[in-house]
>>> print(open('protein39.pdb').read())   # PDB, C-alpha atoms and all ligand atoms
ATOM      1  CA  GLU A   1     -98.232-129.514 153.738
ATOM      2  CA  LEU A   2    -100.256-127.798 156.469
ATOM      3  CA  PHE A   3     -98.006-124.775 156.820
ATOM      4  CA  GLY A   4    -100.012-121.576 156.730
ATOM      5  CA  GLN A   5    -103.361-123.398 157.084
ATOM      6  CA  GLU A   6    -105.716-123.308 160.039
ATOM      7  CA  PRO A   7    -105.493-126.524 162.066
ATOM      8  CA  LYS A   8    -108.599-128.676 161.529
ATOM      9  CA  ARG A   9    -110.935-128.401 164.521
ATOM     10  CA  ARG A  10    -113.309-131.198 165.324
ATOM     11  CA  ILE A  11    -116.502-129.698 166.642
ATOM     12  CA  PHE A  12    -119.350-131.977 167.660
ATOM     13  CA  VAL A  13    -122.646-131.048 166.034
ATOM     14  CA  PRO A  14    -125.372-133.103 167.732
ATOM     15  CA  ARG A  15    -128.143-134.465 165.502
ATOM     16  CA  PHE A  16    -131.468-136.234 165.990
ATOM     17  CA  GLY A  17    -129.850-139.529 167.012
ATOM     18  CA  ASP A  18    -127.792-137.808 169.701
ATOM     19  CA  TYR A  19    -130.870-136.191 171.255
ATOM     20  CA  GLN A  20    -132.699-139.546 171.062
ATOM     21  CA  LYS A  21    -129.844-141.000 173.141
ATOM     22  CA  VAL A  22    -130.372-138.317 175.781
ATOM     23  CA  TYR A  23    -134.129-139.007 175.671
ATOM     24  CA  ASP A  24    -133.442-142.714 176.191
ATOM     25  CA  ALA A  25    -131.123-142.007 179.135
ATOM     26  CA  ILE A  26    -133.777-139.847 180.835
ATOM     27  CA  ALA A  27    -136.467-142.486 180.139
ATOM     28  CA  LYS A  28    -134.250-145.212 181.605
ATOM     29  CA  ARG A  29    -133.650-143.167 184.774
ATOM     30  CA  LEU A  30    -137.382-142.404 185.004
ATOM     31  CA  HIS A  31    -138.357-146.055 184.912
ATOM     32  CA  GLU A  32    -135.491-147.145 187.207
ATOM     33  CA  HIS A  33    -136.189-144.557 189.936
ATOM     34  CA  ASP A  34    -139.782-145.535 190.633
ATOM     35  CA  ASN A  35    -139.557-145.047 194.388
ATOM     36  CA  TYR A  36    -140.307-141.304 194.258
ATOM     37  CA  ASP A  37    -143.750-139.839 195.113
ATOM     38  CA  ASP A  38    -146.449-141.834 193.295
ATOM     39  CA  GLY A  39    -143.819-143.914 191.504
ATOM     40  CA  SER A  40    -142.308-141.460 189.035
ATOM     41  CA  TYR A  41    -140.168-138.354 188.688
ATOM     42  CA  GLY A  42    -142.186-137.606 185.520
ATOM     43  CA  PRO A  43    -144.569-135.046 187.068
ATOM     44  CA  VAL A  44    -141.864-133.005 188.811
ATOM     45  CA  LEU A  45    -139.699-133.055 185.646
ATOM     46  CA  LEU A  46    -142.652-131.720 183.653
ATOM     47  CA  ARG A  47    -143.154-129.036 186.284
ATOM     48  CA  LEU A  48    -139.485-128.021 185.922
ATOM     49  CA  ALA A  49    -139.877-127.634 182.133
ATOM     50  CA  TRP A  50    -143.108-125.660 182.608
ATOM     51  CA  HIS A  51    -141.639-123.300 185.224
ATOM     52  CA  ALA A  52    -138.542-122.744 183.081
ATOM     53  CA  SER A  53    -140.795-121.799 180.137
ATOM     54  CA  GLY A  54    -143.700-120.071 181.892
ATOM     55  CA  THR A  55    -141.699-117.005 182.901
ATOM     56  CA  TYR A  56    -141.935-115.725 179.324
ATOM     57  CA  ASP A  57    -143.161-112.172 178.725
ATOM     58  CA  LYS A  58    -144.022-111.490 175.094
ATOM     59  CA  LEU A  59    -143.848-107.680 175.439
ATOM     60  CA  THR A  60    -140.226-107.589 176.588
ATOM     61  CA  ASN A  61    -139.291-110.962 175.031
ATOM     62  CA  THR A  62    -137.708-111.945 178.364
ATOM     63  CA  GLY A  63    -137.908-115.166 180.331
ATOM     64  CA  GLY A  64    -138.740-118.561 178.856
ATOM     65  CA  SER A  65    -136.732-121.764 178.669
ATOM     66  CA  ASN A  66    -133.661-120.228 177.021
ATOM     67  CA  GLY A  67    -131.041-119.722 179.729
ATOM     68  CA  ALA A  68    -132.003-122.250 182.432
ATOM     69  CA  THR A  69    -131.683-119.390 184.905
ATOM     70  CA  MET A  70    -133.543-121.366 187.589
ATOM     71  CA  ARG A  71    -130.122-122.899 188.364
ATOM     72  CA  PHE A  72    -129.391-119.661 190.220
ATOM     73  CA  ALA A  73    -130.785-117.697 193.109
ATOM     74  CA  PRO A  74    -132.913-115.634 193.168
ATOM     75  CA  GLU A  75    -134.984-117.624 190.628
ATOM     76  CA  SER A  76    -134.378-120.995 192.316
ATOM     77  CA  ASP A  77    -135.699-119.466 195.560
ATOM     78  CA  HIS A  78    -138.931-118.094 194.084
ATOM     79  CA  GLY A  79    -141.828-119.621 196.037
ATOM     80  CA  ALA A  80    -143.335-121.125 192.863
ATOM     81  CA  ASN A  81    -140.131-123.109 192.279
ATOM     82  CA  ALA A  82    -140.074-124.807 195.687
ATOM     83  CA  GLY A  83    -139.247-128.503 195.307
ATOM     84  CA  LEU A  84    -137.901-128.275 191.765
ATOM     85  CA  LYS A  85    -134.358-128.958 192.993
ATOM     86  CA  ALA A  86    -135.428-132.629 193.057
ATOM     87  CA  ALA A  87    -136.000-132.445 189.300
ATOM     88  CA  ARG A  88    -132.784-130.528 188.574
ATOM     89  CA  ASP A  89    -130.727-132.965 190.673
ATOM     90  CA  PHE A  90    -132.368-135.959 188.982
ATOM     91  CA  LEU A  91    -131.042-134.708 185.633
ATOM     92  CA  GLU A  92    -127.473-134.040 186.810
ATOM     93  CA  PRO A  93    -126.133-137.557 185.914
ATOM     94  CA  VAL A  94    -127.670-137.165 182.439
ATOM     95  CA  LYS A  95    -125.891-133.826 181.987
ATOM     96  CA  GLU A  96    -122.640-135.525 183.068
ATOM     97  CA  ALA A  97    -123.129-138.337 180.541
ATOM     98  CA  PHE A  98    -123.945-135.886 177.725
ATOM     99  CA  PRO A  99    -121.941-132.741 178.569
ATOM    100  CA  TRP A 100    -122.583-131.240 175.105
ATOM    101  CA  ILE A 101    -126.289-130.605 175.833
ATOM    102  CA  THR A 102    -127.176-127.322 177.537
ATOM    103  CA  TYR A 103    -129.155-127.367 180.778
ATOM    104  CA  SER A 104    -131.883-125.381 179.042
ATOM    105  CA  ASP A 105    -132.242-127.935 176.216
ATOM    106  CA  LEU A 106    -131.955-130.806 178.743
ATOM    107  CA  TRP A 107    -134.739-129.556 181.033
ATOM    108  CA  ILE A 108    -137.135-129.181 178.097
ATOM    109  CA  LEU A 109    -136.125-132.554 176.645
ATOM    110  CA  ALA A 110    -136.893-134.036 180.083
ATOM    111  CA  GLY A 111    -140.351-132.432 179.960
ATOM    112  CA  VAL A 112    -140.949-133.945 176.522
ATOM    113  CA  CYS A 113    -139.672-137.335 177.706
ATOM    114  CA  SER A 114    -141.844-137.248 180.828
ATOM    115  CA  ILE A 115    -145.031-136.538 178.891
ATOM    116  CA  GLN A 116    -144.328-139.301 176.364
ATOM    117  CA  GLU A 117    -143.189-141.811 179.010
ATOM    118  CA  MET A 118    -146.354-141.132 181.043
ATOM    119  CA  GLN A 119    -148.296-142.239 177.939
ATOM    120  CA  GLY A 120    -149.126-138.762 176.718
ATOM    121  CA  PRO A 121    -148.995-137.522 173.109
ATOM    122  CA  LYS A 122    -145.828-136.961 171.090
ATOM    123  CA  ILE A 123    -144.247-133.587 171.801
ATOM    124  CA  PRO A 124    -142.085-132.530 168.826
ATOM    125  CA  TYR A 125    -138.862-130.878 170.026
ATOM    126  CA  ARG A 126    -136.333-128.352 168.831
ATOM    127  CA  ALA A 127    -132.843-127.914 170.296
ATOM    128  CA  GLY A 128    -130.796-124.741 170.381
ATOM    129  CA  ARG A 129    -131.284-123.159 173.799
ATOM    130  CA  SER A 130    -128.171-121.713 175.409
ATOM    131  CA  ASP A 131    -127.418-121.402 179.104
ATOM    132  CA  ARG A 132    -127.215-117.851 180.442
ATOM    133  CA  ASP A 133    -125.979-116.345 183.683
ATOM    134  CA  LEU A 134    -127.927-115.122 186.679
ATOM    135  CA  SER A 135    -128.322-111.635 185.244
ATOM    136  CA  PHE A 136    -131.057-113.200 183.056
ATOM    137  CA  CYS A 137    -133.102-114.420 186.082
ATOM    138  CA  THR A 138    -136.713-113.262 185.785
ATOM    139  CA  PRO A 139    -138.439-111.286 188.544
ATOM    140  CA  ASP A 140    -140.634-113.205 191.021
ATOM    141  CA  GLY A 141    -144.364-113.324 190.289
ATOM    142  CA  ARG A 142    -144.408-114.388 186.643
ATOM    143  CA  LEU A 143    -145.838-117.868 187.332
ATOM    144  CA  PRO A 144    -149.511-118.398 188.247
ATOM    145  CA  ASP A 145    -150.813-118.147 191.818
ATOM    146  CA  ALA A 146    -153.200-121.028 192.572
ATOM    147  CA  SER A 147    -155.291-118.973 195.014
ATOM    148  CA  LYS A 148    -156.468-116.569 192.290
ATOM    149  CA  ASP A 149    -159.358-116.440 189.803
ATOM    150  CA  GLY A 150    -159.874-116.543 186.045
ATOM    151  CA  SER A 151    -158.692-112.985 185.418
ATOM    152  CA  HIS A 152    -155.314-113.901 186.929
ATOM    153  CA  ILE A 153    -155.068-117.047 184.765
ATOM    154  CA  ARG A 154    -155.806-114.921 181.679
ATOM    155  CA  ALA A 155    -153.306-112.242 182.728
ATOM    156  CA  ILE A 156    -150.470-114.720 183.339
ATOM    157  CA  PHE A 157    -151.021-116.931 180.281
ATOM    158  CA  GLY A 158    -152.020-113.943 178.125
ATOM    159  CA  ARG A 159    -148.614-112.419 178.924
ATOM    160  CA  MET A 160    -147.058-115.549 177.374
ATOM    161  CA  GLY A 161    -149.322-115.143 174.318
ATOM    162  CA  PHE A 162    -151.878-117.899 175.004
ATOM    163  CA  GLY A 163    -155.674-117.853 174.502
ATOM    164  CA  ASP A 164    -158.469-119.483 176.553
ATOM    165  CA  ARG A 165    -158.396-122.794 174.662
ATOM    166  CA  GLU A 166    -154.637-123.235 175.208
ATOM    167  CA  MET A 167    -154.964-122.263 178.892
ATOM    168  CA  VAL A 168    -157.491-125.054 179.448
ATOM    169  CA  ALA A 169    -155.523-127.588 177.392
ATOM    170  CA  LEU A 170    -152.296-126.842 179.297
ATOM    171  CA  SER A 171    -154.107-127.159 182.628
ATOM    172  CA  GLY A 172    -154.782-130.796 181.750
ATOM    173  CA  ALA A 173    -151.200-131.415 182.942
ATOM    174  CA  HIS A 174    -152.767-131.548 186.410
ATOM    175  CA  ALA A 175    -153.860-135.084 185.563
ATOM    176  CA  LEU A 176    -150.261-135.682 186.646
ATOM    177  CA  GLY A 177    -148.494-135.424 189.974
ATOM    178  CA  ARG A 178    -149.590-133.941 193.229
ATOM    179  CA  CYS A 179    -149.347-130.973 195.568
ATOM    180  CA  HIS A 180    -146.882-131.177 198.461
ATOM    181  CA  THR A 181    -147.524-129.321 201.727
ATOM    182  CA  ASP A 182    -143.791-128.645 202.090
ATOM    183  CA  ARG A 183    -143.604-127.077 198.601
ATOM    184  CA  SER A 184    -146.748-125.145 197.640
ATOM    185  CA  GLY A 185    -148.629-125.673 200.910
ATOM    186  CA  TYR A 186    -151.416-127.511 199.064
ATOM    187  CA  HIS A 187    -151.977-131.240 199.480
ATOM    188  CA  GLY A 188    -152.855-134.207 197.300
ATOM    189  CA  PRO A 189    -153.217-135.447 193.719
ATOM    190  CA  TRP A 190    -155.831-134.341 191.165
ATOM    191  CA  THR A 191    -156.531-137.815 189.741
ATOM    192  CA  PHE A 192    -156.366-141.494 190.676
ATOM    193  CA  SER A 193    -153.595-142.115 188.088
ATOM    194  CA  PRO A 194    -151.049-139.332 188.698
ATOM    195  CA  THR A 195    -148.308-140.953 186.616
ATOM    196  CA  THR A 196    -150.381-141.494 183.454
ATOM    197  CA  LEU A 197    -151.539-138.618 181.261
ATOM    198  CA  THR A 198    -155.272-138.854 180.525
ATOM    199  CA  ASN A 199    -158.208-136.427 180.304
ATOM    200  CA  ASP A 200    -159.340-137.579 183.772
ATOM    201  CA  TYR A 201    -158.624-134.146 185.252
ATOM    202  CA  PHE A 202    -161.392-132.658 183.086
ATOM    203  CA  LYS A 203    -163.769-135.574 183.719
ATOM    204  CA  LEU A 204    -163.294-135.314 187.485
ATOM    205  CA  LEU A 205    -163.715-131.521 187.451
ATOM    206  CA  LEU A 206    -167.144-131.968 185.817
ATOM    207  CA  ASP A 207    -168.349-135.257 187.308
ATOM    208  CA  GLU A 208    -167.324-135.070 190.959
ATOM    209  CA  LYS A 209    -168.817-132.896 193.641
ATOM    210  CA  TRP A 210    -166.134-130.572 195.064
ATOM    211  CA  ALA A 211    -166.190-128.897 198.476
ATOM    212  CA  TYR A 212    -163.746-126.833 200.479
ATOM    213  CA  LYS A 213    -161.314-129.018 202.393
ATOM    214  CA  LYS A 214    -161.561-128.413 206.116
ATOM    215  CA  TRP A 215    -158.016-127.964 207.328
ATOM    216  CA  ASN A 216    -155.457-125.407 208.472
ATOM    217  CA  GLY A 217    -153.824-125.182 205.062
ATOM    218  CA  PRO A 218    -154.559-122.854 202.134
ATOM    219  CA  LYS A 219    -158.006-122.819 200.537
ATOM    220  CA  GLN A 220    -158.368-125.895 198.302
ATOM    221  CA  PHE A 221    -161.103-128.286 197.239
ATOM    222  CA  GLU A 222    -161.572-132.018 197.831
ATOM    223  CA  ASP A 223    -163.907-134.518 196.187
ATOM    224  CA  VAL A 224    -166.884-135.187 198.441
ATOM    225  CA  LYS A 225    -167.033-138.898 197.597
ATOM    226  CA  THR A 226    -163.511-140.111 198.500
ATOM    227  CA  LYS A 227    -161.853-137.006 199.997
ATOM    228  CA  THR A 228    -158.588-138.187 198.412
ATOM    229  CA  LEU A 229    -158.447-135.920 195.368
ATOM    230  CA  MET A 230    -157.892-132.177 195.238
ATOM    231  CA  MET A 231    -158.489-129.112 193.073
ATOM    232  CA  LEU A 232    -156.859-125.704 193.395
ATOM    233  CA  PRO A 233    -158.978-122.534 193.268
ATOM    234  CA  THR A 234    -157.517-121.894 189.763
ATOM    235  CA  ASP A 235    -158.546-125.421 188.668
ATOM    236  CA  MET A 236    -162.157-124.742 189.719
ATOM    237  CA  GLU A 237    -162.202-121.665 187.443
ATOM    238  CA  LEU A 238    -162.159-124.051 184.468
ATOM    239  CA  VAL A 239    -165.730-125.093 185.326
ATOM    240  CA  LYS A 240    -166.966-121.812 186.837
ATOM    241  CA  ASP A 241    -165.938-119.564 183.942
ATOM    242  CA  LYS A 242    -168.247-120.158 180.953
ATOM    243  CA  ALA A 243    -165.602-119.544 178.289
ATOM    244  CA  PHE A 244    -163.158-121.944 179.985
ATOM    245  CA  ARG A 245    -165.900-124.505 180.690
ATOM    246  CA  LYS A 246    -166.647-124.989 176.999
ATOM    247  CA  TYR A 247    -163.138-126.425 176.525
ATOM    248  CA  THR A 248    -163.246-128.389 179.793
ATOM    249  CA  GLU A 249    -166.378-130.133 178.452
ATOM    250  CA  LEU A 250    -164.743-130.747 175.076
ATOM    251  CA  TYR A 251    -161.628-132.338 176.611
ATOM    252  CA  ALA A 252    -163.659-134.402 179.114
ATOM    253  CA  LYS A 253    -165.555-135.949 176.192
ATOM    254  CA  ASP A 254    -162.711-136.290 173.719
ATOM    255  CA  ASN A 255    -159.274-137.468 174.845
ATOM    256  CA  ASP A 256    -157.930-137.224 171.266
ATOM    257  CA  ALA A 257    -158.886-133.546 171.109
ATOM    258  CA  PHE A 258    -157.186-133.010 174.482
ATOM    259  CA  PHE A 259    -153.990-134.793 173.378
ATOM    260  CA  LYS A 260    -153.838-132.819 170.109
ATOM    261  CA  ASP A 261    -154.398-129.416 171.751
ATOM    262  CA  PHE A 262    -152.164-130.254 174.720
ATOM    263  CA  SER A 263    -149.288-131.263 172.432
ATOM    264  CA  ASP A 264    -149.630-128.125 170.286
ATOM    265  CA  ALA A 265    -149.796-125.823 173.326
ATOM    266  CA  VAL A 266    -146.851-127.533 175.080
ATOM    267  CA  VAL A 267    -144.692-127.230 171.944
ATOM    268  CA  THR A 268    -145.482-123.502 171.907
ATOM    269  CA  LEU A 269    -144.851-123.169 175.668
ATOM    270  CA  PHE A 270    -141.492-124.941 175.516
ATOM    271  CA  GLU A 271    -140.302-122.728 172.635
ATOM    272  CA  LEU A 272    -141.326-119.309 174.008
ATOM    273  CA  GLY A 273    -138.559-116.746 173.542
ATOM    274  CA  VAL A 274    -135.999-119.174 172.095
ATOM    275  CA  PRO A 275    -134.065-117.999 169.019
ATOM    276  CA  PHE A 276    -133.904-121.337 167.177
ATOM    277  CA  GLU A 277    -131.812-122.133 164.130
ATOM    278  CA  GLN A 278    -133.572-125.491 163.687
ATOM    279  CA  PRO A 279    -136.642-124.764 161.537
ATOM    280  CA  GLU A 280    -140.208-125.504 162.732
ATOM    281  CA  ASP A 281    -140.811-128.109 160.047
ATOM    282  CA  LEU A 282    -137.722-130.078 161.132
ATOM    283  CA  ARG A 283    -138.623-130.701 164.772
ATOM    284  CA  TYR A 284    -137.532-134.018 166.295
ATOM    285  CA  THR A 285    -140.173-136.563 167.328
ATOM    286  CA  PHE A 286    -138.633-139.011 169.774
ATOM    287  CA  LYS A 287    -139.342-142.711 169.937
ATOM    288  CA  SER A 288    -140.765-143.555 173.371
ATOM    289  CA  SER A 289    -140.443-146.782 175.392
ATOM    290  CA  PHE A 290    -143.924-147.731 174.209
ATOM    291  CA  ASP A 291    -143.263-147.452 170.441
TER     292      ASP A 291
HETATM  293 ZN1  LIG B 301    -149.150-126.828 187.940
HETATM  294  N1  LIG B 301    -149.090-126.777 189.985
HETATM  295  N2  LIG B 301    -150.079-125.004 187.930
HETATM  296  N3  LIG B 301    -149.098-126.800 185.913
HETATM  297  N4  LIG B 301    -148.184-128.574 187.970
HETATM  298  C1  LIG B 301    -148.623-127.785 190.803
HETATM  299  C2  LIG B 301    -148.134-129.015 190.392
HETATM  300  C3  LIG B 301    -147.944-129.373 189.073
HETATM  301  C4  LIG B 301    -150.458-124.260 189.029
HETATM  302  C5  LIG B 301    -150.066-124.493 190.357
HETATM  303  O1  LIG B 301    -150.137-123.488 191.269
HETATM  304  C6  LIG B 301    -149.516-125.743 190.785
HETATM  305  C7  LIG B 301    -149.612-125.845 185.080
HETATM  306  C8  LIG B 301    -150.412-124.806 185.480
HETATM  307  C9  LIG B 301    -150.613-124.423 186.816
HETATM  308  C10 LIG B 301    -147.803-129.291 186.863
HETATM  309  C11 LIG B 301    -147.814-128.861 185.533
HETATM  310  C12 LIG B 301    -148.421-127.690 185.115
HETATM  311  C13 LIG B 301    -148.727-127.394 192.163
HETATM  312  C14 LIG B 301    -148.270-128.220 193.341
HETATM  313  C15 LIG B 301    -149.301-126.133 192.167
HETATM  314  C16 LIG B 301    -149.632-125.337 193.412
HETATM  315  C17 LIG B 301    -146.768-128.009 193.594
HETATM  316  C18 LIG B 301    -146.263-128.834 194.749
HETATM  317  O2  LIG B 301    -146.733-128.605 195.888
HETATM  318  O3  LIG B 301    -145.393-129.706 194.535
HETATM  319  C19 LIG B 301    -151.283-123.155 188.583
HETATM  320  C20 LIG B 301    -151.920-122.095 189.456
HETATM  321  C21 LIG B 301    -151.382-123.268 187.211
HETATM  322  C22 LIG B 301    -152.152-122.438 186.238
HETATM  323  C23 LIG B 301    -153.171-121.672 186.533
HETATM  324  C24 LIG B 301    -149.223-126.112 183.709
HETATM  325  C25 LIG B 301    -149.578-125.228 182.517
HETATM  326  C26 LIG B 301    -148.459-127.256 183.734
HETATM  327  C27 LIG B 301    -147.771-127.985 182.640
HETATM  328  C28 LIG B 301    -148.080-127.852 181.348
HETATM  329  C29 LIG B 301    -147.350-130.604 187.272
HETATM  330  C30 LIG B 301    -146.900-131.727 186.344
HETATM  331  C31 LIG B 301    -147.442-130.652 188.664
HETATM  332  C32 LIG B 301    -147.115-131.822 189.595
HETATM  333  C33 LIG B 301    -145.734-131.690 190.159
HETATM  334  C34 LIG B 301    -145.359-132.806 191.101
HETATM  335  O4  LIG B 301    -144.310-132.678 191.750
HETATM  336  O5  LIG B 301    -146.071-133.809 191.215
END
>>> encode(input="protein39.pdb", output="structure tokens")
Amino acid sequence: ELFGQEPKRRIFVPRFGDYQKVYDAIAKRLHEHDNYDDGSYGPVLLRLAWHASGTYDKLTNTGGSNGATMRFAPESDHGANAGLKAARDFLEPVKEAFPWITYSDLWILAGVCSIQEMQGPKIPYRAGRSDRDLSFCTPDGRLPDASKDGSHIRAIFGRMGFGDREMVALSGAHALGRCHTDRSGYHGPWTFSPTTLTNDYFKLLLDEKWAYKKWNGPKQFEDVKTKTLMMLPTDMELVKDKAFRKYTELYAKDNDAFFKDFSDAVVTLFELGVPFEQPEDLRYTFKSSFD
């Protein structure tokens, strides 16, 4: 006798296993679509997760990965986000297969998946981001400008709440991927293995001789020996600035220390400004293709 009772609603509450399925679907797509750039969408997916998160401002508690507002102009048109449509489009079939996940949780899960599938450390993950409308788009200029110096790096990452050690650790992501002249204007990869996460970025910064690249493009550096690798002006600050250099030397010597600090800093980055219900001690650690 149901008369007078509320009808029973079936609401789907996703759990760890459901998010692992989404992880697996992204990983499968990553390994299947190996005809992009240097053989992987991993770097551009990580860049999407970073640019979604790196808009955070701790003083106003605005920006960050909650909202996925880069779906909309004006944020999608910000110069720093040029080229990230490739990453958003890559994830569209995954969103269609798992319509219950929000874009904001999906983009960050794709960042986690990319790091792990490019043989990086485990990145524990929390879900709970909600998608918000374009009124939550952040103003242009919150992401770092590669032509600037150490004080700019500290201003941008300090605004998110990071210290020097985390700034250097996070920069190790430039072991991955490349610059595209039709996106940022810069050109080339930072390392010889741009689809595998290693501490090579730090080793190359210290071990190679770097000189200005002679070209019509923006000011960037190339390695004197092979002229195939690049560094941005902001990358060079990690050896020029004494306080940054200490950590560059540490990570160049000790890949385990880099992986530990990189994982911790990325977890923090990906969670900036998100009002989670899932507690910190119950984060999900996904099984990767290599486990
Ligand atoms: Zn990047 N980054 N980044 N970065 N980045 C590029 C590419 C990639 C800076 C920057 O201006 C640029 C972090 C920090 C900083 C990645 C991850 C992370 C490019 C090239 C530029 C210009 C874009 C293009 O042309 O396609 C600056 C100034 C930074 C700090 C000072 C942090 C932190 C990252 C993650 C944790 C990744 C993975 C790429 C490669 C993208 C790709 O498509 O290959």
>>> resolve_selection(input="protein39.pdb", expression="the PyMOL selection byres (((chain A and resi 289) around 8) and not hetatm)", output="list in words")
Ala27, Glu117, Lys287, Ser288, Phe290 and Asp291 of chain A
>>> write_last_selection(input="protein39.pdb", atoms="C-alpha atoms", output="tab-separated table (two decimals), in the frame of the given file")
chain	number	residue	atom	x	y	z
A	27	ALA	CA	-136.47	-142.49	180.14
A	117	GLU	CA	-143.19	-141.81	179.01
A	287	LYS	CA	-139.34	-142.71	169.94
A	288	SER	CA	-140.76	-143.56	173.37
A	290	PHE	CA	-143.92	-147.73	174.21
A	291	ASP	CA	-143.26	-147.45	170.44
>>> residues_near_point(input="protein39.pdb", point="(-136.4, -131.1, 187.2)", cutoff="10 Å", atoms="all atoms listed in the file", output="ChimeraX atom specification")
/A:41-52,83-92,106-108,110-111
>>> residues_around(input="protein39.pdb", residues="segment 67-76 of chain A", least_positions_apart="3", cutoff="7 Å", atoms="all atoms listed in the file", output="compact mmCIF listing (two decimals) with C-alpha atoms, in the coordinates of the input")
# COMPACT_ATOMS: atom_id res chain seq x y z
CA ALA A 52 -138.54 -122.74 183.08
CA ASN A 81 -140.13 -123.11 192.28
CA TYR A 103 -129.16 -127.37 180.78
CA SER A 104 -131.88 -125.38 179.04
CA ARG A 129 -131.28 -123.16 173.80
CA SER A 130 -128.17 -121.71 175.41
CA ASP A 131 -127.42 -121.40 179.10
CA ARG A 132 -127.22 -117.85 180.44
CA ASP A 133 -125.98 -116.34 183.68
CA LEU A 134 -127.93 -115.12 186.68
CA PHE A 136 -131.06 -113.20 183.06
CA CYS A 137 -133.10 -114.42 186.08
CA THR A 138 -136.71 -113.26 185.78
>>> closest_residue(input="protein39.pdb", among="A:Thr191, A:Gln278, A:Asn216, A:Asn66", to="Lys203 of chain A", atoms="all atoms listed in the file")
A:Thr191
>>> closest_residue(input="protein39.pdb", among="A:Lys122, A:Arg183, A:His152, A:Arg9", to="ligand LIG 301 (chain B)", atoms="only C-alpha atoms and all ligand atoms")
A:Arg183
>>> closest_residue(input="protein39.pdb", among="A:Glu166, A:Asp145, A:Asp182, A:Asp261", to="Thr234 of chain A", atoms="all atoms listed in the file")
A:Asp145
>>> closest_residue(input="protein39.pdb", among="A:Pro144, A:Gly163, A:Pro14, A:Gly177", to="Thr195 of chain A", atoms="all atoms listed in the file")
A:Gly177
